[in-house]
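What follows is a single structure, written as structure tokens, with notes after it.
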Amino acid sequence: MTTFNTRLIRSAALFVASLTLLACGTDYEFRHLYEDLPFEMAKVQRPDIPVRQVNVEDFGGVGDGVFLNTEAFAKAIDVLSQAGGGRLVVPTGVWLTGPITLKDNIDLHIRPDAVLLFSTDRDLYPIVETVFEGLDTKRCLAPINADGAKNIAITGGGTIDGNGDSWRQVKKSKISPSQWKALLKSGGFTNAKGDLWYPDSTSYRGSVVSDAFNVPQGLTTEEEWNSVKTYLRPVLIGIRNCENVLLEDCLFQNSPCWNIHPLMCKNVIINNITVRNPWYSQNGDGLDVDSCENVLVINSSFDVGDDAICIKSGKDEDGRRRARPCRNLIVDNCIVFHGHGGFVVGSEMSGGVENIKVSNCRFLGTDVGLRFKSCRGRGGVVKNIYIEDIVMMNIPTEPLLFDLHYGGKSAVEAAAEGASPFDVEYVEADETTPQFRDIYIKDVVCSGAARAMYFNGIPEKNIENIVVEDCEIVSTKGADLRYSDGVQLRNVNITQSEGQGYSVANCKNVLIEDCTDASGSEPLNVFQHNSSNVKID
């Protein structure tokens with residue numbers, strides 16, 4: 001601590017420029033993102049963090065990968081917080097630690113040659129109340145977390161590693177035989193079928209008492225919750241009810257569960273980050289923006305085990321009661337490699353999703369490209385989504401998917417079950433009926449997909465007013481539209497190798513204009529079933 005006072009005041013000018021900008025006008029660094037934006041959205045500013053800097057080494061920290069630095073980080077953050085905030089520098093080294101809780105006006109600055117490695121010791125992660133998969137529940141505390149904080153940042157270009165392999169269950173079908181053999185030798189045990197590995201007994205018990213969406217049911221006492229603790233694996237970055245948040249330049253990887261989960265936050269900038277999870281990682285989402293307002297997700301890359309960039313707003317009754325929509329979001333210049341979906345809305349969208357623009361993105365091998373999913377019981381309205389300039393290749397299912405029959409499986413798993421019937425039983429619409437409408441997609445190129453597009457709606461509330469134009473798609477099968485109203489396809493060129501060019505079932509008010517299919521026939525190769533007012537020009 002003898003060097004703390006001198007380090008506290010030094011190097012202040014080195015980062016003031018990186019955290020302060022003029023509020024508006026021509027000098028606003030993200031001005032180009034707002035040009036021709038089709039909805040009103042406040043200009044998101046960087047957090048205002050005081051000019052002050054400390055080093056975790058000044059508080060007893062040791063970056064040797066062995067020493068546990070939990071206390072050092074807590075002390076450093078407390079001192080900075082009491083002084084009004086500033087930058088906490090994590091220098092060269094491997095910094096083993098338990099959870100880090102950010103407070104107002106703190107920038108956790110992890111230098112490029114530093115690794116923040118989180119301990120596998122379960123005792124360091126208390127079980128706390130939170131929201132997961134849209135439901136009010138309990139989970140282990142996130143390795144990096146904040147609740148109700150203002151002006152917080154994670155910057156510097158370093159690596160944040162969640163040590164997630166020690167937490168996650170693994171499906172045998174998702175790894176090679178040699179990997180499975182090594183996993184069994186490492187400990188843990190399998191289920192009765194021998195096709196699912198659990199790291200310990202609390203992970204297995206959690207799966208027994210959970211619903212289909214990973215949330216334990218019927219637990220009331222602290223003892224009961226602790227009996228499933230490993231199953232309550234945390235997200236890597238859990239930021240809740242925060243304002244003015246910046247994640248920039250860093251690598252976030254190997255999370256126990258979802259990687260980054262901003263929940264009910266306002267004014268969030270996610271810029272130039274890399275997000276990685278093993279492709280076999282259960283619930284290994286990249287980014288889940290949940291009931292947030294005014295968010296920029298830009299210049300970033302994702303290679304994950306589940307959905308990559310995902311928009312959520314709560315699930316079923318919990319989400320409707322919370323009534324916190326996710327709105328005013330710009331996604332630009334991002335690339336996704338492996339993932340269940342490149343850009344995804346749902347399935348937890350009960351609070352509503354609106355005012356989103358997605359542009360200039362590449363999806364290279366994701367299971368689905370643009371994935372909209374929900375099911376009866378959710379409620380909520382998804383509307384005013386604008387998507388343009390998307391390039392995709394090697395998509396195993398569809399570049400564009402609307403699915404209101406989502407059942408918890410990946411699109412690849414669902415497709416393997418075979419085609420669903422055209423006709424679906426009508427159910428009276430009510431507050432639990434989900435809606436997707438007013439979505440505009442243009443300038444999409446996809447080289448290689450199983451099916452060009454799939455709109456899988458419900459009779460009581462059709463997918464409505466979807467405009468798709470100026471697209472080039474090479475696929476095995478053509479476009480399949482079901483229970484949709486007001487779909488417009490303009491200048492959509494599908495080169496498919498088998499099946500119908502366009503299939504329209506239980507739809508109304510469909511326009512297919514200036515489109516082609518592989519046959520090059522006149523008129524287009526369009527199959528219709530129980531549909532009305534289908535116009536082909």
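Quick note on naming: the chains in the structure tokens go A, B, ... in the order shown, residues restart at 1 in each chain, and ligands are numbered from 1 in order of appearance.
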Write out as a PyMOL selection string the residues lying within 7 Å of stretch 87-89 of chain A, counting only C-alpha atoms and excluding same-chain residues fewer than 2 positions away.
-> chain A and resi 52-56+91+106-110
Near stretch 348-354 of chain A, counting only C-alpha atoms, which residues have an atom at most 9 Å away, once you skip same-chain residues fewer than 6 positions from it, shown as a count of residues only?
-> 37
Determine the nearest neighbour of A:Phe343 from the options A:Val295, A:Arg376, A:Gly286, A:Gly218, counting only C-alpha atoms.
-> A:Gly286
Hey, what does DSSP flag as strand (DSSP E) within stretch 248-409 of chain A? Can you give it to me as a ChimeraX atom specification?
-> /A:248,251-253,260-263,266-271,274-276,287-290,293-298,301-303,309-312,326-332,335-336,343-345,353-364,370-373,381-395,400-403
Can you list, as a PyMOL selection string, every protein, DNA or RNA residue that comes within 8 Å of A:Val526 when you count only C-alpha atoms, leaving out same-chain residues fewer than 2 positions away?
-> chain A and resi 500-504+524+528
note - atom CA of A:Val289 and atom CA of A:His261 are separated by 6.1 Å
Would you kindly return, as a compact mmCIF listing (two decimals) with C-alpha atoms, in the first residue's frame, each protein, DNA or RNA residue with an atom no farther than 10 Å from any atom of A:Val368, considering only C-alpha atoms and excluding same-chain residues fewer than 6 positions away?
```txt
# COMPACT_ATOMS: atom_id res chain seq x y z
CA ASP A 307 -27.38 -17.87 -30.22
CA HIS A 338 -20.59 -20.69 -35.22
CA GLY A 339 -23.87 -20.11 -33.40
CA HIS A 340 -27.45 -21.32 -33.34
CA GLY A 341 -28.41 -17.97 -34.84
CA GLY A 342 -26.53 -14.93 -36.11
CA PHE A 343 -29.03 -12.25 -35.09
CA VAL A 344 -31.86 -13.58 -32.95
CA MET A 392 -24.25 -15.28 -45.15
CA ASN A 394 -23.00 -22.25 -45.23
CA ILE A 395 -26.26 -21.97 -43.27
CA PRO A 396 -27.49 -25.49 -42.34
CA THR A 397 -31.15 -24.42 -42.08
CA GLU A 398 -32.54 -21.02 -43.16
CA PRO A 399 -31.01 -17.58 -43.63
CA LEU A 400 -34.39 -16.17 -42.54
CA LEU A 401 -36.60 -17.94 -40.00
CA SER A 410 -31.92 -25.63 -32.10
CA ALA A 411 -33.11 -25.11 -35.66
CA VAL A 412 -30.91 -27.98 -36.81
CA ALA A 449 -28.69 -22.93 -47.13
CA ALA A 450 -31.06 -25.84 -46.64
CA MET A 453 -36.77 -18.95 -45.77
```
Neighbouring residues of stretch 184-189 of chain A were defined as those with any atom within 7 Å, considering only C-alpha atoms; residues of the same chain fewer than 3 positions away were excluded. Please report them as a compact mmCIF listing (two decimals) with N, CA and C atoms, in the first residue's frame.
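Wrote selection-v2.txt, looks like this:
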```
# COMPACT_ATOMS: atom_id res chain seq x y z
N TRP A 180 -14.85 -37.12 -25.50
CA TRP A 180 -15.77 -37.73 -24.55
C TRP A 180 -15.01 -38.63 -23.57
N LYS A 181 -14.07 -39.39 -24.08
CA LYS A 181 -13.26 -40.26 -23.22
C LYS A 181 -12.46 -39.44 -22.20
N TRP A 197 -23.01 -35.70 -19.85
CA TRP A 197 -22.05 -35.66 -18.75
C TRP A 197 -22.34 -34.48 -17.84
N TYR A 198 -22.26 -34.72 -16.52
CA TYR A 198 -22.44 -33.67 -15.52
C TYR A 198 -21.16 -33.55 -14.71
N PRO A 199 -20.74 -32.32 -14.40
CA PRO A 199 -19.49 -32.16 -13.64
C PRO A 199 -19.58 -32.64 -12.20
N ASP A 200 -20.77 -32.63 -11.60
CA ASP A 200 -20.92 -33.14 -10.24
C ASP A 200 -22.38 -33.45 -9.96
```
Would you list the contacts of A:Thr159 as a PyMOL selection string, taking every protein, DNA or RNA residue within 6 Å and counting only C-alpha atoms, but skipping same-chain residues closer than 5 positions in sequence?
-> chain A and resi 115+250-251
Put those residues in a file: N, CA and C atoms, as an mmCIF file, in the first residue's frame.
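This went into part33.cif:
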```cif
data_model
loop_
_atom_site.group_PDB
_atom_site.id
_atom_site.type_symbol
_atom_site.label_atom_id
_atom_site.label_comp_id
_atom_site.auth_asym_id
_atom_site.auth_seq_id
_atom_site.Cartn_x
_atom_site.Cartn_y
_atom_site.Cartn_z
ATOM 1 N N VAL A 115 -4.769 -11.630 -18.528
ATOM 2 C CA VAL A 115 -5.897 -12.557 -18.546
ATOM 3 C C VAL A 115 -6.547 -12.544 -17.173
ATOM 4 N N CYS A 250 -12.106 -5.953 -25.532
ATOM 5 C CA CYS A 250 -11.678 -7.149 -24.807
ATOM 6 C C CYS A 250 -12.202 -8.430 -25.456
ATOM 7 N N LEU A 251 -11.580 -9.548 -25.034
ATOM 8 C CA LEU A 251 -12.018 -10.883 -25.411
ATOM 9 C C LEU A 251 -12.746 -11.506 -24.225
#
```
Helix (DSSP H, G or I) per DSSP on the backbone: members of stretch 48-197 of chain A, as a ChimeraX atom specification | /A:56-59,70-82,122-124,164-166,172-174,177-185
For the residues in that selection, give me N, CA and C atoms as a compact mmCIF listing (two decimals), in the first residue's frame.
```txt
# COMPACT_ATOMS: atom_id res chain seq x y z
N VAL A 56 -4.14 -2.99 -9.63
CA VAL A 56 -4.53 -4.03 -8.69
C VAL A 56 -3.33 -4.54 -7.89
N GLU A 57 -2.13 -4.40 -8.42
CA GLU A 57 -0.93 -4.80 -7.67
C GLU A 57 -0.75 -3.98 -6.40
N ASP A 58 -1.24 -2.75 -6.40
CA ASP A 58 -1.10 -1.90 -5.21
C ASP A 58 -1.92 -2.41 -4.03
N PHE A 59 -2.81 -3.36 -4.28
CA PHE A 59 -3.68 -3.87 -3.22
C PHE A 59 -3.38 -5.33 -2.92
N THR A 70 -9.28 -12.22 -5.34
CA THR A 70 -10.62 -11.69 -5.06
C THR A 70 -10.57 -10.50 -4.12
N GLU A 71 -9.84 -10.62 -3.04
CA GLU A 71 -9.77 -9.54 -2.04
C GLU A 71 -9.07 -8.31 -2.61
N ALA A 72 -8.03 -8.52 -3.41
CA ALA A 72 -7.31 -7.39 -4.00
C ALA A 72 -8.23 -6.57 -4.90
N PHE A 73 -9.01 -7.24 -5.72
CA PHE A 73 -9.94 -6.51 -6.60
C PHE A 73 -10.99 -5.78 -5.78
N ALA A 74 -11.53 -6.43 -4.76
CA ALA A 74 -12.56 -5.80 -3.94
C ALA A 74 -12.02 -4.55 -3.25
N LYS A 75 -10.81 -4.63 -2.70
CA LYS A 75 -10.21 -3.48 -2.03
C LYS A 75 -9.98 -2.33 -3.02
N ALA A 76 -9.46 -2.65 -4.18
CA ALA A 76 -9.17 -1.61 -5.18
C ALA A 76 -10.46 -0.91 -5.60
N ILE A 77 -11.51 -1.67 -5.83
CA ILE A 77 -12.78 -1.07 -6.24
C ILE A 77 -13.38 -0.23 -5.12
N ASP A 78 -13.27 -0.70 -3.88
CA ASP A 78 -13.77 0.08 -2.75
C ASP A 78 -13.05 1.42 -2.62
N VAL A 79 -11.74 1.41 -2.77
CA VAL A 79 -10.96 2.65 -2.65
C VAL A 79 -11.32 3.61 -3.78
N LEU A 80 -11.40 3.09 -5.01
CA LEU A 80 -11.79 3.92 -6.13
C LEU A 80 -13.20 4.48 -5.94
N SER A 81 -14.10 3.65 -5.48
CA SER A 81 -15.47 4.08 -5.28
C SER A 81 -15.57 5.19 -4.24
N GLN A 82 -14.84 5.03 -3.15
CA GLN A 82 -14.86 6.06 -2.10
C GLN A 82 -14.26 7.38 -2.58
N ARG A 122 -16.72 -23.23 -6.22
CA ARG A 122 -18.13 -22.85 -6.15
C ARG A 122 -18.44 -21.98 -4.92
N ASP A 123 -17.68 -22.13 -3.85
CA ASP A 123 -17.95 -21.36 -2.63
C ASP A 123 -17.77 -19.86 -2.83
N LEU A 124 -17.05 -19.48 -3.88
CA LEU A 124 -16.84 -18.05 -4.14
C LEU A 124 -18.03 -17.40 -4.82
N GLY A 164 -15.42 -21.95 -17.86
CA GLY A 164 -16.74 -22.54 -17.94
C GLY A 164 -16.79 -24.04 -18.06
N ASP A 165 -15.73 -24.67 -18.54
CA ASP A 165 -15.77 -26.12 -18.71
C ASP A 165 -16.00 -26.86 -17.40
N SER A 166 -15.63 -26.25 -16.29
CA SER A 166 -15.83 -26.91 -15.00
C SER A 166 -17.28 -26.84 -14.52
N LYS A 172 -22.87 -35.86 -25.34
CA LYS A 172 -21.93 -36.75 -26.02
C LYS A 172 -21.94 -36.51 -27.53
N SER A 173 -23.12 -36.20 -28.07
CA SER A 173 -23.25 -36.04 -29.52
C SER A 173 -22.52 -34.82 -30.06
N LYS A 174 -22.12 -33.92 -29.16
CA LYS A 174 -21.52 -32.66 -29.62
C LYS A 174 -20.00 -32.68 -29.61
N PRO A 177 -15.27 -38.70 -30.02
CA PRO A 177 -15.07 -39.82 -29.08
C PRO A 177 -13.87 -39.62 -28.16
N SER A 178 -12.79 -39.08 -28.67
CA SER A 178 -11.62 -38.87 -27.83
C SER A 178 -11.89 -37.79 -26.78
N GLN A 179 -12.63 -36.74 -27.15
CA GLN A 179 -12.99 -35.72 -26.18
C GLN A 179 -13.91 -36.29 -25.10
N TRP A 180 -14.85 -37.12 -25.50
CA TRP A 180 -15.77 -37.73 -24.55
C TRP A 180 -15.01 -38.63 -23.57
N LYS A 181 -14.07 -39.39 -24.08
CA LYS A 181 -13.26 -40.26 -23.22
C LYS A 181 -12.46 -39.44 -22.20
N ALA A 182 -11.88 -38.34 -22.66
CA ALA A 182 -11.12 -37.48 -21.75
C ALA A 182 -12.03 -36.84 -20.71
N LEU A 183 -13.25 -36.50 -21.12
CA LEU A 183 -14.19 -35.89 -20.19
C LEU A 183 -14.57 -36.87 -19.08
N LEU A 184 -14.81 -38.12 -19.45
CA LEU A 184 -15.16 -39.12 -18.45
C LEU A 184 -14.01 -39.35 -17.47
N LYS A 185 -12.79 -39.31 -17.96
CA LYS A 185 -11.62 -39.51 -17.09
C LYS A 185 -11.43 -38.36 -16.12
```
Hey, what's within 6 Å of A:Cys446 if we count only C-alpha atoms and toss same-chain stuff fewer than 5 positions away? As an mmCIF file with N, CA and C atoms, in the first residue's frame, please?
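To be explicit, this is the file written out as part_26.cif:
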```
data_model
loop_
_atom_site.group_PDB
_atom_site.id
_atom_site.type_symbol
_atom_site.label_atom_id
_atom_site.label_comp_id
_atom_site.auth_asym_id
_atom_site.auth_seq_id
_atom_site.Cartn_x
_atom_site.Cartn_y
_atom_site.Cartn_z
ATOM 1 N N VAL A 391 -24.558 -10.581 -45.280
ATOM 2 C CA VAL A 391 -23.949 -11.623 -46.100
ATOM 3 C C VAL A 391 -23.836 -12.891 -45.268
ATOM 4 N N MET A 392 -24.293 -14.000 -45.858
ATOM 5 C CA MET A 392 -24.248 -15.277 -45.151
ATOM 6 C C MET A 392 -23.692 -16.355 -46.067
ATOM 7 N N MET A 393 -23.143 -17.387 -45.457
ATOM 8 C CA MET A 393 -22.751 -18.571 -46.217
ATOM 9 C C MET A 393 -22.772 -19.797 -45.312
ATOM 10 N N ILE A 473 -30.362 -15.753 -52.831
ATOM 11 C CA ILE A 473 -30.229 -16.908 -51.942
ATOM 12 C C ILE A 473 -30.003 -18.169 -52.767
#
```
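The smallest atom-to-atom distance between A:Glu293 and any of A:Val235, A:Met41, A:Cys471, A:Ala452, using only C-alpha atoms, is found for A:Met41.
Comparing A:Ile512, A:Val345, A:Ser475, A:Asp64 by their smallest distance to A:Thr495, the closest is A:Ser475 (using only C-alpha atoms).
A straight line drawn from atom CA of A:Leu404 to atom CA of A:Ser484 is 11.1 Å long.
Atom to atom, atom CA of A:Phe455 and atom CA of A:Leu287 stand 24.6 Å apart.
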So, counting only C-alpha atoms, which residue among A:Asp211, A:Asp136, A:Asp27, A:Asp249 is closest to A:Gly156?
-> A:Asp249
Rank nothing, just name the residue among A:Lys193, A:Arg111, A:Arg205, A:Lys43 nearest to A:Thr92, using only C-alpha atoms.
-> A:Arg111
Sorted per-residue table, stretch 260-364 of chain A near stretch 148-154 of chain A, closest atoms and distance, 12 Å, only C-alpha atoms, as CSV:
```
residue,atom,partner,partner_atom,distance
A:Ile260,CA,A:Ile154,CA,11.7
A:Pro262,CA,A:Gly148,CA,11.5
A:Leu263,CA,A:Gly148,CA,10.5
A:Met264,CA,A:Gly148,CA,9.7
A:Cys265,CA,A:Gly148,CA,8.7
A:Lys266,CA,A:Lys150,CA,9.5
A:Asn267,CA,A:Asn151,CA,9.6
A:Val268,CA,A:Ala153,CA,9.7
A:Ile269,CA,A:Ala153,CA,9.3
A:Ile270,CA,A:Ile154,CA,9.8
A:Asn271,CA,A:Ile154,CA,10.7
A:Asn272,CA,A:Ile154,CA,11.8
A:Ile273,CA,A:Ile154,CA,10.3
```
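Between A:Glu29 and the residues A:Val510, A:Lys171, A:Leu102, A:Val44, the shortest atom-to-atom distance, using only C-alpha atoms, involves A:Val44.
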